Amino acid sequence: LKISIVSTGKYVMPYFLTDFLQLHSGIELIIDVTNKQKVIQSLENNEVDFALVSILPAKLNIEKLDLLQNQLYLVGRSDLDSAKSIAQKDMLSHLPLIFREKGSGTRQTMENFINQKNISVVKKMELTSNEAVKQALLAGLGYSIMPLIGIKNELLSKELQIIPIKGLPIKTTWSLIWLKGKKQSPVSETFLNFLKANKKKIIADKFGWQKENTGK
């Protein structure tokens with residue numbers, strides 16, 4: 001079973017695989033974790049069975065199974081007060097913002113939000129993974145709009161905080177996608193059927209903490 005996932009998807013996909021692999025212990029699993037551009041390329045080249053994305057490709061005929069809602073919030077270190085002292089409408093124009101690299105779905109979502117709000121970003125930094133962004137936030141280097149799914153432990157330990165801002169969270173959907181008309185192997189077809197039958201239970205068991213931390 002070959003799956004290509006965007007880097008933030010590493011916080012999502014394992015939970016949809018655990019029980020399936022326990023039921024089918026003979027399956028060999030290969031997961032490639034990379035950015036959105038490379039994920040779509042591997043799917044287009046038919047190098048993988050599935051891809052996990054939060055933004056659907058615009059120029060590729062695909063089929064999909066929606067798995068989980070993706071919520072993106074403005075996040076910063078819990079002991080930084082600079083965000084609280086700035087008026088809401090001016091906040092993102094004054095804060096040092098940290099972006100993911102070009103080609104990242106999170107970067108695309110963040111830029112779309114900033115452009116729609118006509119926000120002029122003065123200070124910004126670019127890092128090449130969700131983990132690198134998170135470490136920069138923890139070090140107090142700035143703020144970022146990032147997926148809730150990747151900061152569970154830091155929210156629970158109160159090292160990071162969600163900063164309320166109008167228009168957030170941005171909501172997208174984690175979807176498992178495959179080429180339209182693709183002839184599925186017995187393994188990949190069995191996995192799809194497993195997900196369809198079990199995804200609600202997996203979401204309730206493994207991702208209920210998101211509602212507890214945000215109320216959404």
# chains A, B, ... in the order shown; residues from 1 in each chain; ligands from 1
>>> residues_around(residues="Ala51 in chain A", least_positions_apart="5", cutoff="12 Å", atoms="only C-alpha atoms", output="mmCIF file with N, CA, C and O atoms, in the first residue's frame")
data_model
loop_
_atom_site.group_PDB
_atom_site.id
_atom_site.type_symbol
_atom_site.label_atom_id
_atom_site.label_comp_id
_atom_site.auth_asym_id
_atom_site.auth_seq_id
_atom_site.Cartn_x
_atom_site.Cartn_y
_atom_site.Cartn_z
ATOM 1 N N LEU A 1 0.855 -1.179 0.000
ATOM 2 C CA LEU A 1 0.000 0.000 0.000
ATOM 3 C C LEU A 1 0.894 1.232 0.000
ATOM 4 O O LEU A 1 1.665 1.446 0.941
ATOM 5 N N LYS A 2 0.816 2.041 -1.057
ATOM 6 C CA LYS A 2 1.664 3.234 -1.188
ATOM 7 C C LYS A 2 0.809 4.498 -1.090
ATOM 8 O O LYS A 2 -0.159 4.667 -1.839
ATOM 9 N N ILE A 3 1.182 5.374 -0.168
ATOM 10 C CA ILE A 3 0.440 6.614 0.054
ATOM 11 C C ILE A 3 1.419 7.769 0.116
ATOM 12 O O ILE A 3 2.440 7.702 0.814
ATOM 13 N N SER A 4 1.124 8.847 -0.599
ATOM 14 C CA SER A 4 1.906 10.071 -0.516
ATOM 15 C C SER A 4 1.092 11.107 0.250
ATOM 16 O O SER A 4 -0.089 11.314 -0.057
ATOM 17 N N ILE A 5 1.703 11.723 1.245
ATOM 18 C CA ILE A 5 0.938 12.674 2.067
ATOM 19 C C ILE A 5 1.695 13.990 2.210
ATOM 20 O O ILE A 5 2.930 14.011 2.245
ATOM 21 N N VAL A 6 0.943 15.082 2.282
ATOM 22 C CA VAL A 6 1.563 16.376 2.557
ATOM 23 C C VAL A 6 2.082 16.354 3.989
ATOM 24 O O VAL A 6 1.614 15.580 4.833
ATOM 25 N N SER A 7 3.070 17.200 4.275
ATOM 26 C CA SER A 7 3.824 17.047 5.522
ATOM 27 C C SER A 7 2.953 17.135 6.772
ATOM 28 O O SER A 7 3.161 16.387 7.730
ATOM 29 N N GLY A 9 0.025 16.177 6.986
ATOM 30 C CA GLY A 9 -0.796 14.971 7.011
ATOM 31 C C GLY A 9 -0.229 13.869 7.885
ATOM 32 O O GLY A 9 -0.933 12.903 8.202
ATOM 33 N N LYS A 10 1.027 14.013 8.309
ATOM 34 C CA LYS A 10 1.618 12.992 9.195
ATOM 35 C C LYS A 10 0.939 12.978 10.555
ATOM 36 O O LYS A 10 1.064 12.004 11.306
ATOM 37 N N MET A 13 -2.813 10.829 8.960
ATOM 38 C CA MET A 13 -2.900 9.539 8.277
ATOM 39 C C MET A 13 -2.630 8.331 9.177
ATOM 40 O O MET A 13 -3.319 7.309 9.062
ATOM 41 N N ILE A 30 4.060 1.814 2.532
ATOM 42 C CA ILE A 30 5.071 2.815 2.185
ATOM 43 C C ILE A 30 4.387 4.185 2.172
ATOM 44 O O ILE A 30 3.434 4.403 1.415
ATOM 45 N N ILE A 31 4.864 5.096 3.018
ATOM 46 C CA ILE A 31 4.319 6.453 3.067
ATOM 47 C C ILE A 31 5.429 7.440 2.714
ATOM 48 O O ILE A 31 6.501 7.423 3.326
ATOM 49 N N ASP A 32 5.159 8.291 1.742
ATOM 50 C CA ASP A 32 6.085 9.361 1.372
ATOM 51 C C ASP A 32 5.518 10.673 1.898
ATOM 52 O O ASP A 32 4.404 11.058 1.542
ATOM 53 N N VAL A 33 6.271 11.336 2.778
ATOM 54 C CA VAL A 33 5.832 12.608 3.359
ATOM 55 C C VAL A 33 6.602 13.731 2.681
ATOM 56 O O VAL A 33 7.829 13.806 2.770
ATOM 57 N N THR A 34 5.882 14.632 1.999
ATOM 58 C CA THR A 34 6.543 15.691 1.245
ATOM 59 C C THR A 34 5.591 16.879 1.112
ATOM 60 O O THR A 34 4.567 16.932 1.806
ATOM 61 N N ASN A 35 5.912 17.850 0.249
ATOM 62 C CA ASN A 35 4.994 18.985 0.122
ATOM 63 C C ASN A 35 3.949 18.713 -0.964
ATOM 64 O O ASN A 35 4.023 17.726 -1.695
ATOM 65 N N LYS A 36 2.986 19.617 -1.042
ATOM 66 C CA LYS A 36 1.816 19.374 -1.893
ATOM 67 C C LYS A 36 2.198 19.155 -3.358
ATOM 68 O O LYS A 36 1.655 18.259 -4.022
ATOM 69 N N GLN A 37 3.111 19.953 -3.876
ATOM 70 C CA GLN A 37 3.492 19.833 -5.284
ATOM 71 C C GLN A 37 3.991 18.430 -5.616
ATOM 72 O O GLN A 37 3.603 17.822 -6.613
ATOM 73 N N LYS A 38 4.854 17.907 -4.754
ATOM 74 C CA LYS A 38 5.430 16.582 -5.002
ATOM 75 C C LYS A 38 4.411 15.473 -4.783
ATOM 76 O O LYS A 38 4.451 14.429 -5.451
ATOM 77 N N VAL A 39 3.500 15.683 -3.846
ATOM 78 C CA VAL A 39 2.423 14.708 -3.610
ATOM 79 C C VAL A 39 1.576 14.560 -4.865
ATOM 80 O O VAL A 39 1.301 13.439 -5.328
ATOM 81 N N ILE A 40 1.177 15.683 -5.435
ATOM 82 C CA ILE A 40 0.327 15.652 -6.635
ATOM 83 C C ILE A 40 1.087 15.053 -7.810
ATOM 84 O O ILE A 40 0.532 14.298 -8.616
ATOM 85 N N GLN A 41 2.377 15.344 -7.895
ATOM 86 C CA GLN A 41 3.190 14.795 -8.985
ATOM 87 C C GLN A 41 3.277 13.275 -8.898
ATOM 88 O O GLN A 41 3.160 12.573 -9.909
ATOM 89 N N SER A 42 3.460 12.748 -7.702
ATOM 90 C CA SER A 42 3.555 11.292 -7.546
ATOM 91 C C SER A 42 2.224 10.617 -7.855
ATOM 92 O O SER A 42 2.198 9.508 -8.398
ATOM 93 N N LEU A 43 1.127 11.296 -7.547
ATOM 94 C CA LEU A 43 -0.198 10.749 -7.873
ATOM 95 C C LEU A 43 -0.410 10.774 -9.384
ATOM 96 O O LEU A 43 -0.865 9.790 -9.978
ATOM 97 N N GLU A 44 -0.046 11.900 -10.005
ATOM 98 C CA GLU A 44 -0.222 12.053 -11.451
ATOM 99 C C GLU A 44 0.606 11.023 -12.217
ATOM 100 O O GLU A 44 0.175 10.507 -13.259
ATOM 101 N N ASN A 45 1.783 10.695 -11.688
ATOM 102 C CA ASN A 45 2.663 9.714 -12.337
ATOM 103 C C ASN A 45 2.288 8.269 -11.999
ATOM 104 O O ASN A 45 2.980 7.335 -12.398
ATOM 105 N N ASN A 46 1.203 8.113 -11.237
ATOM 106 C CA ASN A 46 0.702 6.788 -10.844
ATOM 107 C C ASN A 46 1.753 5.997 -10.054
ATOM 108 O O ASN A 46 1.850 4.776 -10.168
ATOM 109 N N LEU A 56 -7.584 20.293 -2.768
ATOM 110 C CA LEU A 56 -7.697 19.404 -3.927
ATOM 111 C C LEU A 56 -6.965 19.985 -5.128
ATOM 112 O O LEU A 56 -6.982 21.202 -5.342
ATOM 113 N N PRO A 57 -6.299 19.144 -5.924
ATOM 114 C CA PRO A 57 -5.617 19.640 -7.126
ATOM 115 C C PRO A 57 -6.618 20.150 -8.150
ATOM 116 O O PRO A 57 -7.662 19.532 -8.379
ATOM 117 N N ILE A 62 -9.641 13.438 -10.325
ATOM 118 C CA ILE A 62 -9.457 12.552 -9.169
ATOM 119 C C ILE A 62 -10.809 12.134 -8.605
ATOM 120 O O ILE A 62 -11.844 12.732 -8.880
ATOM 121 N N GLU A 63 -10.761 11.090 -7.804
ATOM 122 C CA GLU A 63 -11.871 10.735 -6.924
ATOM 123 C C GLU A 63 -11.369 10.915 -5.502
ATOM 124 O O GLU A 63 -10.157 10.943 -5.259
ATOM 125 N N LYS A 64 -12.298 11.044 -4.547
ATOM 126 C CA LYS A 64 -11.840 11.364 -3.187
ATOM 127 C C LYS A 64 -12.745 10.749 -2.131
ATOM 128 O O LYS A 64 -13.915 10.439 -2.382
ATOM 129 N N LEU A 65 -12.154 10.603 -0.959
ATOM 130 C CA LEU A 65 -12.896 10.247 0.247
ATOM 131 C C LEU A 65 -12.501 11.253 1.311
ATOM 132 O O LEU A 65 -11.341 11.315 1.726
ATOM 133 N N ASP A 66 -13.452 12.083 1.736
ATOM 134 C CA ASP A 66 -13.175 13.070 2.778
ATOM 135 C C ASP A 66 -13.017 12.362 4.120
ATOM 136 O O ASP A 66 -13.842 11.518 4.491
ATOM 137 N N TRP A 174 -9.296 17.331 5.019
ATOM 138 C CA TRP A 174 -8.319 16.309 4.688
ATOM 139 C C TRP A 174 -9.015 15.245 3.857
ATOM 140 O O TRP A 174 -9.977 14.619 4.316
ATOM 141 N N SER A 175 -8.544 15.060 2.643
ATOM 142 C CA SER A 175 -9.166 14.101 1.726
ATOM 143 C C SER A 175 -8.132 13.107 1.213
ATOM 144 O O SER A 175 -7.007 13.489 0.870
ATOM 145 N N LEU A 176 -8.529 11.854 1.160
ATOM 146 C CA LEU A 176 -7.728 10.833 0.496
ATOM 147 C C LEU A 176 -8.158 10.824 -0.962
ATOM 148 O O LEU A 176 -9.351 10.691 -1.260
ATOM 149 N N ILE A 177 -7.225 11.013 -1.879
ATOM 150 C CA ILE A 177 -7.580 11.125 -3.292
ATOM 151 C C ILE A 177 -6.822 10.081 -4.117
ATOM 152 O O ILE A 177 -5.776 9.585 -3.709
ATOM 153 N N TRP A 178 -7.396 9.756 -5.281
ATOM 154 C CA TRP A 178 -6.750 8.836 -6.217
ATOM 155 C C TRP A 178 -7.173 9.212 -7.625
ATOM 156 O O TRP A 178 -8.163 9.946 -7.817
ATOM 157 N N LEU A 179 -6.434 8.756 -8.618
ATOM 158 C CA LEU A 179 -6.726 9.101 -9.996
ATOM 159 C C LEU A 179 -8.096 8.563 -10.406
ATOM 160 O O LEU A 179 -8.431 7.406 -10.107
ATOM 161 N N SER A 188 -5.562 -1.859 -1.888
ATOM 162 C CA SER A 188 -6.058 -0.481 -1.830
ATOM 163 C C SER A 188 -7.587 -0.435 -1.784
ATOM 164 O O SER A 188 -8.175 0.416 -1.116
#
>>> closest_residue(among="A:Leu127, A:Met91, A:Leu29, A:Ile145", to="Asn112 in chain A", atoms="only C-alpha atoms")
A:Ile145
>>> atom_distance(atom1="CA of Ser93 in chain A", atom2="CA of Ile114 in chain A")
9.5 Å
>>> residues_around(residues="Leu17 in chain A", least_positions_apart="5", cutoff="10 Å", atoms="only C-alpha atoms", output="number ranges by chain")
A: 12, 22, 29, 191, 194-195, 202
>>> write_last_selection(atoms="N, CA, C and O atoms", output="PDB file, in the first residue's frame")
ATOM      1  N   VAL A  12      -2.288  13.103  10.723  1.00  0.00           N
ATOM      2  CA  VAL A  12      -3.624  12.593  10.418  1.00  0.00           C
ATOM      3  C   VAL A  12      -3.601  11.131   9.985  1.00  0.00           C
ATOM      4  O   VAL A  12      -4.270  10.272  10.571  1.00  0.00           O
ATOM      5  N   GLN A  22      -3.446  -3.637  11.718  1.00  0.00           N
ATOM      6  CA  GLN A  22      -3.562  -4.703  12.709  1.00  0.00           C
ATOM      7  C   GLN A  22      -4.451  -5.834  12.189  1.00  0.00           C
ATOM      8  O   GLN A  22      -4.205  -7.007  12.474  1.00  0.00           O
ATOM      9  N   LEU A  29       3.456  -1.293   4.038  1.00  0.00           N
ATOM     10  CA  LEU A  29       3.025   0.096   3.888  1.00  0.00           C
ATOM     11  C   LEU A  29       4.215   0.981   3.560  1.00  0.00           C
ATOM     12  O   LEU A  29       5.249   0.919   4.216  1.00  0.00           O
ATOM     13  N   PHE A 191      -8.583  -1.218   1.741  1.00  0.00           N
ATOM     14  CA  PHE A 191      -8.338  -0.059   2.600  1.00  0.00           C
ATOM     15  C   PHE A 191      -9.440   0.984   2.452  1.00  0.00           C
ATOM     16  O   PHE A 191      -9.929   1.533   3.447  1.00  0.00           O
ATOM     17  N   PHE A 194     -12.468  -0.175   4.261  1.00  0.00           N
ATOM     18  CA  PHE A 194     -12.254  -0.047   5.706  1.00  0.00           C
ATOM     19  C   PHE A 194     -12.498   1.388   6.169  1.00  0.00           C
ATOM     20  O   PHE A 194     -13.154   1.632   7.193  1.00  0.00           O
ATOM     21  N   LEU A 195     -11.951   2.354   5.420  1.00  0.00           N
ATOM     22  CA  LEU A 195     -12.118   3.758   5.795  1.00  0.00           C
ATOM     23  C   LEU A 195     -13.578   4.181   5.763  1.00  0.00           C
ATOM     24  O   LEU A 195     -14.062   4.872   6.665  1.00  0.00           O
ATOM     25  N   ILE A 202     -13.085   6.462  14.065  1.00  0.00           N
ATOM     26  CA  ILE A 202     -11.695   6.922  14.205  1.00  0.00           C
ATOM     27  C   ILE A 202     -11.661   8.400  14.565  1.00  0.00           C
ATOM     28  O   ILE A 202     -10.909   8.824  15.453  1.00  0.00           O
TER      29      ILE A 202
END
>>> closest_residue(among="A:Lys199, A:Val121, A:Asp19, A:Tyr73", to="Pro164 in chain A", atoms="only C-alpha atoms")
A:Tyr73
>>> atom_distance(atom1="CA of Phe99 in chain A", atom2="CA of Ile55 in chain A")
16.9 Å
>>> select_by_dssp(residues="range 40-118 of chain A", states="strand (DSSP E)", output="JSON, numbers by chain")
{"A": [50, 51, 52, 53, 62, 63, 64, 65, 66, 67, 68, 69, 70, 71, 72, 73, 74, 75, 76, 77, 97, 98, 99, 100]}
>>> residues_around(residues="Ile98 in chain A", least_positions_apart="5", cutoff="8 Å", atoms="only C-alpha atoms", output="list of chain:residue names")
A:Lys124, A:Met125, A:Glu126, A:Leu127, A:Val133, A:Gly142, A:Tyr143, A:Ser144
>>> select_by_dssp(residues="range 29-173 of chain A", states="helix (DSSP H, G or I)", output="MDAnalysis selection string")
chainID A and resid 36:44 82:85 88:94 105:116 130:138 148:150 152:156
>>> atom_distance(atom1="CA of Tyr11 in chain A", atom2="CA of Glu131 in chain A")
10.9 Å
>>> closest_residue(among="A:Asn118, A:Gln71, A:Gln108, A:Ser78", to="Leu92 in chain A", atoms="only C-alpha atoms")
A:Asn118
>>> residues_around(residues="Met146 in chain A", least_positions_apart="5", cutoff="10 Å", atoms="only C-alpha atoms", output="ChimeraX atom specification")
/A:8,70-76,98-100,106-107,109-110,130,133-134,151,162,169-170
>>> closest_residue(among="A:Asn198, A:Gln69, A:Gln116, A:Gln135", to="Thr172 in chain A", atoms="only C-alpha atoms")
A:Gln69
>>> closest_residue(among="A:Gly26, A:Leu160, A:Val187, A:Gly181", to="Asn61 in chain A", atoms="only C-alpha atoms")
A:Gly181
>>> closest_residue(among="A:Lys59, A:Lys211, A:Lys117, A:Lys183", to="Ile165 in chain A", atoms="only C-alpha atoms")
A:Lys117
